[in-house]
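Here the structure is laid out as structure tokens; the discussion comes afterwards.
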Amino acid sequence: MSRVWSVDVRVTPREGILDPAGETIRRALGNLGYEGVHSVRAGRLIRLEVEADGPEAARASTEKMCEQLIANPIIEDYVVRVREG
Amino acid sequence: MSRVWSVDVRVTPREGILDPAGETIRRALGNLGYEGVHSVRAGRLIRLEVEADGPEAARASTEKMCEQLIANPIIEDYVVRVREG
Amino acid sequence: MTRTSLERVEARLGDPVMSAALVAEHGLSPEEWERILELMGREPTFTELGVFSAMWSEHCGYKNSRPLLRMLPTEGPAVVQGPGENAGVIDVGGGWGVAFKIESHNHPSAVEPYQGAATGSGGILRDVFTMGARPVAIFDSLHFGSLDSPQSRYLFDGVVRGVGDYGNCVGVPTVGGEAIFDPAYEKNPLINVMCIGVLPLERLIRGEAEGVGNPVMAVGARTGRDGIHGATFASEELDEEAVDSRPQVQVGDPFTEKLLLEASLELIERDLLIGIQDMGAAGLTSSGTEMAARSGSGIDLDVAYLPVREEGMTPYEMLLSESQERMLLVAKPEHERAVREVLERWDLQAATIGRVTDDGMFRVREDGVVRVEIPVKPLVDDCPTYVREGAMSPATAEARAVDLRPYSSFATDGEVEAALGTLLDSPSVASRRWIYEQYDTTVQTNTLEGPGSDAAVLRLPAEGRALAAATDGNGRHTWLDPRTGGRAAVAEAARNVACSGARPLAVTNCLNFGSPLRPEVYFQLAGAVEGMGEACRALRTPVTGGNVSLYNETGAQPVYPTPVIGMLGVIEDLERRVPSAFQREDDEIWVAGRTRDEIGGSEYLAACHGLVAGRPPAVDLGEAAALVDFLVEGAADGAFASAHDGSDGGLAVALAECAVGAAGGPLGCTVDLDAAPAGANVSAAGRWFGESHSRVVLTCRPGAGERIAAHGRRHGVPVARVGTVGGPGSPCRLTGAGHAIAPAAAELARIYEEAIPLRMSEEAGITS
Amino acid sequence: MTAGMKVGIVRFPGSNCDADVYRAVTEGLGESATYLWHKSTDLEGVDVVVLPGGFSYGDYLRAGAIARFSPIMGEVIDFARAGGLTLGICNGFQVLCEAHLLPGALVRNRHLRFRCHDVGLRVENAATPFTTAYSEGDLLHIPIAHGEGQFVAEAATLDELEAEDRVIFRYVDRRGEATDAANPNGSARNIAGIMNHEGNILGLMPHPERHSLAVLGNTDGLAVFQSLLASVLRARGCRSDPPRAEAPEFAVGAVAGASS
Ligand SMILES: Nc1ncnc2c1ncn2[C@@H]1O[C@H](COP(=O)(O)OP(=O)(O)O)[C@@H](O)[C@H]1O
Ligand SMILES: [Mg+2]
């Protein structure tokens, strides 16, 4: 039965890809006195409300959206999670 | 004992704050033929590796970073989650 | 770190074994391999093979273009630094110099448009500020597929954002460029970026490595595994696999670039350096070896000292990484500490990774163990070069032979008006506002004329003087006739610069071609370079540098051969600069230069008839030079209220552009095209939309036309009054060859302004 | 002490309009200016602090967020809280909001694109230290150059800004009306610049310093600096005779960015 699912897409820079934003934030935190922040990666969080027949369908459809539009697979990785509805 | 924790900060636009990026993604998804995407919110995901004495300490310290720097409470909400180490 | 006789080059454990396949994978031919064996006297290590591969790639070694480039003039009274340095430098008077260079980033942008364009901008900025010049302007020359294709729109949108975000962040205005759309560029767009910088001439510094023992320092971003073999990649055809090959993608960091820019200029101003160079294509390898080659010295590096971003990097990777925002510099030994202090102040990383030697060797160690030892001179200068046989392609021959008579006349006035509308709606002609409003065009407060005019005009530090610059190229004309296309690029760029009132002084160029192994491409390359050389000589604008980008093709289809010229000129009195668009109602409209029956290769044929055919308009170099003199002297004399060069779309489009571009909103006009100077038997289409060279639309105050006429006589340029500027709200009344149209100027403006935005309305940078 | 004014221009890493402000003050106005390094904690006795445009820290995270914690900002905040004249332009405005010296926030432009062109601005309040050389209702022609210039704030904050006449500049069309079409970034109520309650801190997105030199053909922005000079002199008890700028001419049709 079709209902609306909350889906999170977490997009992060791929391993080995330079992340100047993350690096700059890390330094800023260091300057503010936060010690022990070993690394910072700056990514994006896309939160969708998707109508689908079940959580698996919601995830599958969102994965397709990621491939096509939401993420840039050349430089980004992404993970799709259906949150408890 | 001190070790490094992976911590995610999910920053999202506050309710009531316009989110043109999310809205644009929603429209673009519609144009691509994805029906049933009811809403899209575009936020940020900051992923930190934080050295701390335990998950609670990692969270507490990250919350302080959020209040001070990572999020702007006027326009953003945030949630801190320590991922399974 | 001096060499002891006991040392020898050691291969690394785990290095792949040498094989013909490995050599081929490195883009080296069997003959090139033989040459390497000969000059080394032994088999190179894997790391050494990587070094040769990069340095003897087309990108670094100019294998196929070097012999042709000798046809270009490189000397002239204004040239302070010709080709061979990070950027060329000319003298613009008052003790000031201008450094400038153009660079392509075609393949990276085809794979990842935003980052590809951004990192292209970053590289060319570094080339300029490593000469000691403060970058003051960026130009972007763009060639894409049709905007009707979603893929082209995606690439175009990403590239514009990438160029914009990078320059905007660094604080250098992007003040001009080109944007051409044709299916020939669909999968392999061309992204050429030119940077211009200003420096006090006494502060000019070069990429040199002199003085035995002097410290060699790596500065800026850490080295990662990104872009390994980018130079080789740029020297291959794009195939689907390349599009899938991630490691080449580099991410730009304009923030670090800005810090590097300020720190470098401070180091140079305080005279702390011997030499400095960008780690661009082929990274540490090319910067290190080129600096040593210029000084006839050697360099001894230990990669163990190189700051890296990833663990376990091999010397091979560190030598070939193209991580962005890095520089190599040689410090004056007594100032090594001061250099570090400056860099620290700017929060930049600096590491001394080696020393200058006098043994002429490029020696690289890993923790003391020698991994690379190659004589610098042959590595840099003796890259094998090839002279090939060229031949015109059958497709070009066929297109040239097409009978254009069926397209040379119009049945009705309505057809003429529709053609004008189609042309103004063509993205290759239409307003570029959509592009340049995404660029900061006014930062640094030097912009006197920004994008939208024929040439951008910037004030210079030397009192009262201004710099004018433009980029131009025409792939279609070059495809139909390479030599004419090469001449045309130079002539048009000179004309654009001269229209602003500036004396053209020098050029930089970017040669975007397909694979030189194809006879038809080699024919195009050789012809275009020959034409460019002829035009540069005739116009006395020597070439101070440039870039060659070959292998621009996908699926065996080369792009149009596209030489892009970046032209610089100087206006002695900036108050005498000339705008492009109509200024005031009632001004007289004049046309200088002769219209011939030349519709071959025109935008009219392409946009209205879907045809790329015929002979492109001829470039008479004597006429081109006379027109430039006429424009420069006329401007200095204050004879012109405006001057606009006719190019794509011919006279009718040039007039429409003058009308819609008026500063206070569109102005109408009344013009008789038949009154313009013309040769014999010019067809209707030739009169309206032909693209004959060496023509400009001029205006002057009512009654002041005699001065235009006098300058015309003086320089042997045919000129004629053709009409009058109208008021706001009045139509553009154009008559010619038995046709008459009177579209509202506001309507023409609407078409012209909306063409690109309407096509791009769905693109919105979702992933940025 | 000199007779004139000394302007301190903060240089953050990534500032790129610092030199433009310097030229506006020195060449445009003939007063003196000095750069204040972000790592310094000394304001060097300047009369006015300017936080210039640019991309401090690359605008990574949020525009202005990291710069707000630069060492110099401690001094700037004290200076501003004590009534010192403080002007934030573009990125500087973003820093002032992040530092909570001004209310609200600046977020990505509604259309998600960077925009650079001249906009129409209406002077909403000419009785501030930043605008005395203008008249209320003056229409100016000033460039913007930003990707994150959309001003947002809670409705109550916006109402308070309006009620206290703290909206200093608004985006308007060529007729002087604050229409949606004249709003280049989607800012709430077409707000281009605001002031703090005490009236000594101004933040605005457009760049008055870029239109402060006669050689560039437009000096609509110079009066901001002239006003500051007048305020400084007045505060110092000198005869206050603010150099009244010529009423800027508003070129019809030029507002939409059709400059030259
Ligand atoms: N990609 C671009 N970026 C910035 N400005 C551009 C770009 N393309 C074109 N322009 C500007 O738009 C105007 C028209 O360009 P173009 O049609 O190539 O002029 P012309 O035909 O006179 O050479 C010029 O001022 C040019 O600098
Ligand atoms: Mg052109």
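All residue names refer to the structure tokens as shown: chains lettered A, B, ... in order, residues numbered from 1 in each chain, ligands numbered from 1 in order.
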Can you build me a table of chain C residues sitting at most 7 Å from ligand 2, with the closest atom pair per residue and its distance in Å to one decimal, using only C-alpha atoms and all ligand atoms, sorted by chain and residue number, as JSON lines?
```
{"residue": "C:Glu178", "atom": "CA", "partner": "ligand 2", "partner_atom_place_in_ligand_line": "1 (Mg)", "distance": 6.0}
{"residue": "C:Thr471", "atom": "CA", "partner": "ligand 2", "partner_atom_place_in_ligand_line": "1 (Mg)", "distance": 6.9}
{"residue": "C:Asp472", "atom": "CA", "partner": "ligand 2", "partner_atom_place_in_ligand_line": "1 (Mg)", "distance": 4.8}
{"residue": "C:Gly473", "atom": "CA", "partner": "ligand 2", "partner_atom_place_in_ligand_line": "1 (Mg)", "distance": 6.7}
{"residue": "C:Ser647", "atom": "CA", "partner": "ligand 2", "partner_atom_place_in_ligand_line": "1 (Mg)", "distance": 6.7}
```
> Which neighbours of Val49 of chain D fall inside 8 Å, counting only C-alpha atoms, when residues of the same chain fewer than 4 positions from it are skipped, and could you give them as an MDAnalysis selection string?
Replying inline: chainID D and resid 7:10 76 84:87
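Atom to atom, atom CA of Ala639 of chain C and atom CA of Pro728 of chain C stand 23.8 Å apart.
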>> Applying 10 Å and only C-alpha atoms, which residues near Ile46 of chain A remain after dropping the ones on its own chain fewer than 4 positions away? List them as a PyMOL selection string.
In response: (chain A and resi 7-11+66+70-71+80) or (chain B and resi 10+12+21-22+25+40-45)
Check the DSSP output for the backbone and give back, as a short mmCIF file (atom, residue, chain, number, x, y, z; two decimals) with all heavy atoms, in the first residue's frame, the residues of chain A in helix (DSSP H, G or I).
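File written: part-v5.cif
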```
data_model
loop_
_atom_site.label_atom_id
_atom_site.label_comp_id
_atom_site.auth_asym_id
_atom_site.auth_seq_id
_atom_site.Cartn_x
_atom_site.Cartn_y
_atom_site.Cartn_z
N PRO A 20 38.17 20.73 0.30
CA PRO A 20 38.70 21.95 0.93
C PRO A 20 37.78 22.50 2.01
O PRO A 20 38.25 23.04 3.00
CB PRO A 20 38.83 22.93 -0.24
CG PRO A 20 38.07 22.35 -1.38
CD PRO A 20 37.96 20.88 -1.15
N ALA A 21 36.48 22.32 1.85
CA ALA A 21 35.56 22.84 2.87
C ALA A 21 35.79 22.11 4.18
O ALA A 21 35.94 22.71 5.25
CB ALA A 21 34.12 22.70 2.40
N GLY A 22 35.84 20.78 4.11
CA GLY A 22 36.06 19.99 5.32
C GLY A 22 37.36 20.36 6.00
O GLY A 22 37.43 20.56 7.21
N GLU A 23 38.39 20.50 5.19
CA GLU A 23 39.71 20.81 5.73
C GLU A 23 39.72 22.19 6.40
O GLU A 23 40.33 22.38 7.45
CB GLU A 23 40.74 20.73 4.60
CG GLU A 23 42.18 20.99 4.98
CD GLU A 23 42.68 20.11 6.12
OE1 GLU A 23 42.12 19.04 6.36
OE2 GLU A 23 43.64 20.56 6.80
N THR A 24 39.03 23.13 5.79
CA THR A 24 38.99 24.48 6.35
C THR A 24 38.21 24.49 7.67
O THR A 24 38.58 25.17 8.63
CB THR A 24 38.36 25.46 5.34
OG1 THR A 24 39.06 25.34 4.11
CG2 THR A 24 38.44 26.90 5.82
N ILE A 25 37.14 23.72 7.72
CA ILE A 25 36.37 23.63 8.96
C ILE A 25 37.22 22.99 10.05
O ILE A 25 37.23 23.43 11.20
CB ILE A 25 35.07 22.82 8.73
CG1 ILE A 25 34.16 23.54 7.72
CG2 ILE A 25 34.32 22.60 10.05
CD1 ILE A 25 33.01 22.69 7.21
N ARG A 26 37.96 21.97 9.67
CA ARG A 26 38.81 21.31 10.66
C ARG A 26 39.81 22.29 11.28
O ARG A 26 39.98 22.36 12.49
CB ARG A 26 39.57 20.14 10.01
CG ARG A 26 40.26 19.21 11.03
CD ARG A 26 41.14 18.18 10.36
NE ARG A 26 42.24 18.79 9.63
CZ ARG A 26 43.31 19.35 10.18
NH1 ARG A 26 43.44 19.36 11.48
NH2 ARG A 26 44.25 19.91 9.44
N ARG A 27 40.41 23.07 10.41
CA ARG A 27 41.38 24.05 10.93
C ARG A 27 40.71 25.07 11.82
O ARG A 27 41.26 25.49 12.84
CB ARG A 27 42.00 24.80 9.77
CG ARG A 27 43.02 23.99 9.05
CD ARG A 27 44.08 24.95 8.61
NE ARG A 27 44.76 24.46 7.43
CZ ARG A 27 45.69 25.17 6.81
NH1 ARG A 27 45.99 26.38 7.23
NH2 ARG A 27 46.31 24.67 5.78
N ALA A 28 39.52 25.50 11.40
CA ALA A 28 38.80 26.51 12.19
C ALA A 28 38.48 25.94 13.56
O ALA A 28 38.62 26.63 14.58
CB ALA A 28 37.53 26.95 11.46
N LEU A 29 38.05 24.69 13.61
CA LEU A 29 37.75 24.09 14.91
C LEU A 29 39.01 24.02 15.77
O LEU A 29 38.97 24.28 16.97
CB LEU A 29 37.14 22.69 14.71
CG LEU A 29 35.71 22.67 14.15
CD1 LEU A 29 35.30 21.25 13.76
CD2 LEU A 29 34.73 23.26 15.16
N GLY A 30 40.12 23.70 15.13
CA GLY A 30 41.38 23.68 15.86
C GLY A 30 41.69 25.05 16.45
O GLY A 30 42.05 25.17 17.63
N ASN A 31 41.51 26.09 15.64
CA ASN A 31 41.78 27.44 16.13
C ASN A 31 40.85 27.82 17.28
O ASN A 31 41.18 28.65 18.11
CB ASN A 31 41.63 28.46 15.01
CG ASN A 31 42.74 28.34 13.98
OD1 ASN A 31 43.79 27.77 14.28
ND2 ASN A 31 42.51 28.85 12.79
N PRO A 55 9.15 0.54 2.13
CA PRO A 55 10.46 1.15 2.33
C PRO A 55 11.46 0.75 1.26
O PRO A 55 12.27 1.56 0.82
CB PRO A 55 10.90 0.66 3.72
CG PRO A 55 9.97 -0.47 4.06
CD PRO A 55 8.72 -0.28 3.28
N GLU A 56 11.38 -0.49 0.81
CA GLU A 56 12.34 -0.91 -0.21
C GLU A 56 12.12 -0.17 -1.52
O GLU A 56 13.06 0.24 -2.20
CB GLU A 56 12.27 -2.43 -0.43
CG GLU A 56 13.34 -3.17 0.35
CD GLU A 56 14.69 -2.45 0.33
OE1 GLU A 56 15.19 -2.15 -0.77
OE2 GLU A 56 15.24 -2.14 1.42
N ALA A 57 10.86 0.00 -1.85
CA ALA A 57 10.54 0.73 -3.08
C ALA A 57 10.98 2.19 -2.97
O ALA A 57 11.51 2.78 -3.91
CB ALA A 57 9.04 0.64 -3.36
N ALA A 58 10.79 2.75 -1.78
CA ALA A 58 11.19 4.15 -1.58
C ALA A 58 12.71 4.27 -1.75
O ALA A 58 13.22 5.19 -2.40
CB ALA A 58 10.78 4.63 -0.19
N ARG A 59 13.41 3.31 -1.18
CA ARG A 59 14.87 3.36 -1.30
C ARG A 59 15.31 3.18 -2.76
O ARG A 59 16.13 3.94 -3.27
CB ARG A 59 15.50 2.25 -0.46
CG ARG A 59 16.98 2.04 -0.83
CD ARG A 59 17.47 0.65 -0.52
NE ARG A 59 17.40 0.43 0.92
CZ ARG A 59 18.33 0.87 1.77
NH1 ARG A 59 19.36 1.55 1.33
NH2 ARG A 59 18.21 0.63 3.05
N ALA A 60 14.72 2.21 -3.40
CA ALA A 60 15.14 1.93 -4.78
C ALA A 60 14.90 3.16 -5.66
O ALA A 60 15.77 3.55 -6.45
CB ALA A 60 14.37 0.73 -5.33
N SER A 61 13.77 3.77 -5.49
CA SER A 61 13.47 4.93 -6.33
C SER A 61 14.43 6.08 -6.00
O SER A 61 14.92 6.79 -6.89
CB SER A 61 11.99 5.29 -6.16
OG SER A 61 11.81 6.65 -6.10
N THR A 62 14.73 6.26 -4.73
CA THR A 62 15.64 7.34 -4.35
C THR A 62 17.06 7.07 -4.88
O THR A 62 17.76 7.99 -5.30
CB THR A 62 15.67 7.52 -2.83
OG1 THR A 62 14.32 7.67 -2.36
CG2 THR A 62 16.47 8.76 -2.44
N GLU A 63 17.45 5.79 -4.86
CA GLU A 63 18.79 5.49 -5.39
C GLU A 63 18.89 5.91 -6.86
O GLU A 63 19.90 6.45 -7.30
CB GLU A 63 19.08 4.00 -5.26
CG GLU A 63 19.07 3.52 -3.82
CD GLU A 63 20.30 2.71 -3.45
OE1 GLU A 63 20.84 2.04 -4.33
OE2 GLU A 63 20.72 2.78 -2.27
N LYS A 64 17.80 5.67 -7.57
CA LYS A 64 17.83 6.08 -8.97
C LYS A 64 17.94 7.60 -9.11
O LYS A 64 18.66 8.10 -9.96
CB LYS A 64 16.57 5.57 -9.69
CG LYS A 64 16.83 4.23 -10.37
CD LYS A 64 15.59 3.62 -11.00
CE LYS A 64 14.84 4.52 -11.96
NZ LYS A 64 13.49 3.99 -12.26
N MET A 65 17.22 8.30 -8.23
CA MET A 65 17.32 9.77 -8.27
C MET A 65 18.76 10.22 -8.00
O MET A 65 19.23 11.19 -8.58
CB MET A 65 16.41 10.39 -7.21
CG MET A 65 14.94 10.08 -7.38
SD MET A 65 14.03 10.86 -6.02
CE MET A 65 12.65 9.74 -5.88
N CYS A 66 19.40 9.51 -7.10
CA CYS A 66 20.78 9.88 -6.76
C CYS A 66 21.69 9.71 -7.97
O CYS A 66 22.47 10.61 -8.31
CB CYS A 66 21.31 9.02 -5.62
SG CYS A 66 20.56 9.47 -4.06
N GLU A 67 21.57 8.55 -8.61
CA GLU A 67 22.40 8.28 -9.78
C GLU A 67 22.21 9.36 -10.82
O GLU A 67 23.14 9.83 -11.47
CB GLU A 67 21.98 6.95 -10.43
CG GLU A 67 22.25 5.73 -9.59
CD GLU A 67 23.71 5.34 -9.67
OE1 GLU A 67 24.32 5.62 -10.71
OE2 GLU A 67 24.22 4.79 -8.67
N GLN A 68 20.95 9.73 -10.99
CA GLN A 68 20.62 10.59 -12.12
C GLN A 68 20.86 12.06 -11.80
O GLN A 68 21.28 12.82 -12.65
CB GLN A 68 19.15 10.38 -12.48
CG GLN A 68 18.94 10.26 -13.97
CD GLN A 68 17.47 10.16 -14.31
OE1 GLN A 68 16.69 9.53 -13.59
NE2 GLN A 68 17.08 10.78 -15.41
N LEU A 69 20.57 12.45 -10.57
CA LEU A 69 20.51 13.88 -10.32
C LEU A 69 21.15 14.33 -9.01
O LEU A 69 21.92 15.29 -8.99
CB LEU A 69 19.03 14.32 -10.33
CG LEU A 69 18.80 15.81 -10.08
CD1 LEU A 69 18.98 16.58 -11.37
CD2 LEU A 69 17.42 16.06 -9.51
N ILE A 70 20.81 13.65 -7.92
CA ILE A 70 21.11 14.24 -6.62
C ILE A 70 22.60 14.24 -6.30
O ILE A 70 23.12 15.19 -5.74
CB ILE A 70 20.30 13.52 -5.51
CG1 ILE A 70 18.80 13.78 -5.74
CG2 ILE A 70 20.72 14.00 -4.13
CD1 ILE A 70 17.89 13.08 -4.75
#
```
>> With 12 Å as the limit and counting only C-alpha atoms, what residues in chain D lie close to chain A? Please list them as JSON, numbers by chain.
In response: {"D": [13, 39, 56, 57, 58, 59, 60, 61, 62, 63, 65, 66, 67, 68, 69, 70, 71]}
For the residues in that selection, give me N, CA and C atoms as a PDB file, in the first residue's frame.
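Written file, part17.pdb:
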```
ATOM      1  N   PRO D  13      41.690  36.041   5.474  1.00  0.00           N
ATOM      2  CA  PRO D  13      42.134  35.222   4.348  1.00  0.00           C
ATOM      3  C   PRO D  13      40.942  35.015   3.413  1.00  0.00           C
ATOM      4  N   LYS D  39      44.875  38.323  12.003  1.00  0.00           N
ATOM      5  CA  LYS D  39      45.485  37.694  13.168  1.00  0.00           C
ATOM      6  C   LYS D  39      45.894  38.724  14.224  1.00  0.00           C
ATOM      7  N   SER D  56      35.873  35.150   2.627  1.00  0.00           N
ATOM      8  CA  SER D  56      36.731  34.812   3.755  1.00  0.00           C
ATOM      9  C   SER D  56      36.631  33.310   4.002  1.00  0.00           C
ATOM     10  N   TYR D  57      37.760  32.693   4.153  1.00  0.00           N
ATOM     11  CA  TYR D  57      37.830  31.238   4.347  1.00  0.00           C
ATOM     12  C   TYR D  57      37.041  30.506   3.271  1.00  0.00           C
ATOM     13  N   GLY D  58      37.073  31.066   2.064  1.00  0.00           N
ATOM     14  CA  GLY D  58      36.437  30.405   0.940  1.00  0.00           C
ATOM     15  C   GLY D  58      34.923  30.346   1.040  1.00  0.00           C
ATOM     16  N   ASP D  59      34.346  31.004   2.037  1.00  0.00           N
ATOM     17  CA  ASP D  59      32.911  30.875   2.308  1.00  0.00           C
ATOM     18  C   ASP D  59      32.542  29.421   2.598  1.00  0.00           C
ATOM     19  N   TYR D  60      33.544  28.628   2.959  1.00  0.00           N
ATOM     20  CA  TYR D  60      33.239  27.242   3.299  1.00  0.00           C
ATOM     21  C   TYR D  60      32.400  27.231   4.571  1.00  0.00           C
ATOM     22  N   LEU D  61      31.624  26.223   4.744  1.00  0.00           N
ATOM     23  CA  LEU D  61      30.651  26.090   5.833  1.00  0.00           C
ATOM     24  C   LEU D  61      29.491  27.045   5.570  1.00  0.00           C
ATOM     25  N   ARG D  62      29.617  28.297   5.981  1.00  0.00           N
ATOM     26  CA  ARG D  62      28.638  29.339   5.646  1.00  0.00           C
ATOM     27  C   ARG D  62      29.427  30.621   5.455  1.00  0.00           C
ATOM     28  N   ALA D  63      28.953  31.463   4.552  1.00  0.00           N
ATOM     29  CA  ALA D  63      29.663  32.718   4.313  1.00  0.00           C
ATOM     30  C   ALA D  63      29.814  33.476   5.626  1.00  0.00           C
ATOM     31  N   ALA D  65      31.064  32.627   8.429  1.00  0.00           N
ATOM     32  CA  ALA D  65      30.992  31.891   9.702  1.00  0.00           C
ATOM     33  C   ALA D  65      32.358  31.722  10.351  1.00  0.00           C
ATOM     34  N   ILE D  66      33.356  31.436   9.542  1.00  0.00           N
ATOM     35  CA  ILE D  66      34.674  31.163  10.130  1.00  0.00           C
ATOM     36  C   ILE D  66      35.411  32.472  10.432  1.00  0.00           C
ATOM     37  N   ALA D  67      35.277  33.436   9.540  1.00  0.00           N
ATOM     38  CA  ALA D  67      35.950  34.723   9.737  1.00  0.00           C
ATOM     39  C   ALA D  67      35.513  35.368  11.048  1.00  0.00           C
ATOM     40  N   ARG D  68      34.282  35.101  11.415  1.00  0.00           N
ATOM     41  CA  ARG D  68      33.733  35.716  12.619  1.00  0.00           C
ATOM     42  C   ARG D  68      34.593  35.375  13.839  1.00  0.00           C
ATOM     43  N   PHE D  69      35.369  34.300  13.784  1.00  0.00           N
ATOM     44  CA  PHE D  69      36.192  33.909  14.913  1.00  0.00           C
ATOM     45  C   PHE D  69      37.658  34.310  14.766  1.00  0.00           C
ATOM     46  N   SER D  70      37.967  35.094  13.752  1.00  0.00           N
ATOM     47  CA  SER D  70      39.344  35.578  13.622  1.00  0.00           C
ATOM     48  C   SER D  70      39.725  36.390  14.856  1.00  0.00           C
ATOM     49  N   PRO D  71      41.003  36.357  15.218  1.00  0.00           N
ATOM     50  CA  PRO D  71      41.434  37.127  16.387  1.00  0.00           C
ATOM     51  C   PRO D  71      40.983  38.590  16.348  1.00  0.00           C
TER      52      PRO D  71
END
```
> Residues within 6 Å of ligand 1 (only C-alpha atoms and all ligand atoms), as a PyMOL selection string?
Replying inline: chain C and resi 140-142+175-179+429+432+435-436+451-455+472+496+645+647
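Nearest residue to Glu49 of chain B, choosing from B:Asp19, B:Pro13, B:Arg81, B:Tyr34 and counting only C-alpha atoms: B:Arg81.
Residues lying within 9 Å of Ala656 of chain C, counting only C-alpha atoms and ignoring same-chain neighbours fewer than 5 positions away, are Leu420, Leu424, Leu651, Gly661, Gly668, Cys669, Cys732, Ala745, Leu748 and Ala749 of chain C.
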Using the selection just defined, write its residues with C-alpha atoms as a JSON list (two decimals), in the first residue's frame.
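So the final result, stored in selection-v2.json, reads:
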```json
[["chain", "number", "residue", "atom", "x", "y", "z"],
["C", 420, "LEU", "CA", 17.27, 38.22, -38.41],
["C", 424, "LEU", "CA", 19.48, 36.89, -32.74],
["C", 651, "LEU", "CA", 25.97, 43.61, -40.94],
["C", 661, "GLY", "CA", 22.93, 47.18, -26.51],
["C", 668, "GLY", "CA", 16.00, 52.24, -33.08],
["C", 669, "CYS", "CA", 17.77, 53.08, -36.31],
["C", 732, "CYS", "CA", 15.06, 49.28, -36.57],
["C", 745, "ALA", "CA", 14.09, 47.46, -31.29],
["C", 748, "LEU", "CA", 14.84, 42.42, -31.12],
["C", 749, "ALA", "CA", 16.16, 43.03, -27.63]]
```
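Between atom CA of Ser2 of chain A and atom CA of Glu51 of chain A the separation is 6.4 Å.
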>> Can you pull out the residues contacting Ile75 of chain B? Cut-off 10 Å, using only C-alpha atoms, and skip same-chain residues under 4 positions away; I want them as an MDAnalysis selection string.
In response: (chainID B and resid 11:18 71) or (chainID D and resid 104:107 152:154)
> Just how far from atom CA of Gly88 of chain C is atom CA of Phe100 of chain C, in Å to one decimal?
Replying inline: 5.6 Å
> segment 378-388 of chain C: which residues within 7 Å, counting only C-alpha atoms, same-chain residues fewer than 2 positions away excluded, as a VMD selection string?
Replying inline: chain C and resid 55 to 56 61 63 to 64 66 to 67 289 to 290 293 375 to 376 390 522
Please produce a file of those selected residues containing N, CA and C atoms, as a compact mmCIF listing (two decimals), in the first residue's frame.
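The new file result33.txt reads:
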```
# COMPACT_ATOMS: atom_id res chain seq x y z
N MET C 55 56.46 14.04 -19.70
CA MET C 55 57.18 15.12 -20.38
C MET C 55 57.12 14.98 -21.89
N TRP C 56 56.97 13.75 -22.35
CA TRP C 56 56.90 13.55 -23.80
C TRP C 56 55.47 13.34 -24.27
N GLY C 61 55.15 18.12 -24.27
CA GLY C 61 56.25 18.05 -25.22
C GLY C 61 55.97 18.63 -26.58
N LYS C 63 54.80 17.42 -29.21
CA LYS C 63 55.37 16.51 -30.22
C LYS C 63 54.95 16.84 -31.64
N ASN C 64 53.66 17.09 -31.79
CA ASN C 64 53.15 17.27 -33.14
C ASN C 64 53.01 18.72 -33.55
N ARG C 66 55.18 21.41 -32.27
CA ARG C 66 56.35 22.27 -32.15
C ARG C 66 56.90 22.74 -33.50
N PRO C 67 57.05 21.82 -34.44
CA PRO C 67 57.58 22.29 -35.74
C PRO C 67 56.66 23.32 -36.39
N THR C 289 61.60 19.88 -13.74
CA THR C 289 62.51 19.74 -14.87
C THR C 289 62.55 21.01 -15.71
N GLU C 290 61.41 21.68 -15.86
CA GLU C 290 61.42 22.89 -16.69
C GLU C 290 62.22 24.00 -16.04
N ALA C 293 65.76 23.16 -16.58
CA ALA C 293 66.14 23.29 -17.99
C ALA C 293 66.39 24.75 -18.36
N PRO C 375 68.83 13.00 -17.41
CA PRO C 375 69.39 14.29 -17.81
C PRO C 375 68.26 15.25 -18.24
N VAL C 376 68.28 16.43 -17.63
CA VAL C 376 67.17 17.38 -17.81
C VAL C 376 67.03 17.82 -19.25
N GLY C 390 49.55 16.14 -44.23
CA GLY C 390 48.16 16.53 -44.06
C GLY C 390 47.39 16.43 -45.36
N TYR C 522 45.79 17.10 -39.22
CA TYR C 522 47.12 17.70 -39.36
C TYR C 522 47.08 18.82 -40.40
```
> Residues at most 10 Å from Val232 of chain D, counting only C-alpha atoms, excluding those fewer than 6 positions away in the same chain, as a ChimeraX atom specification?
Replying inline: /D:3-6,47-48,84-85,129,226,238,240
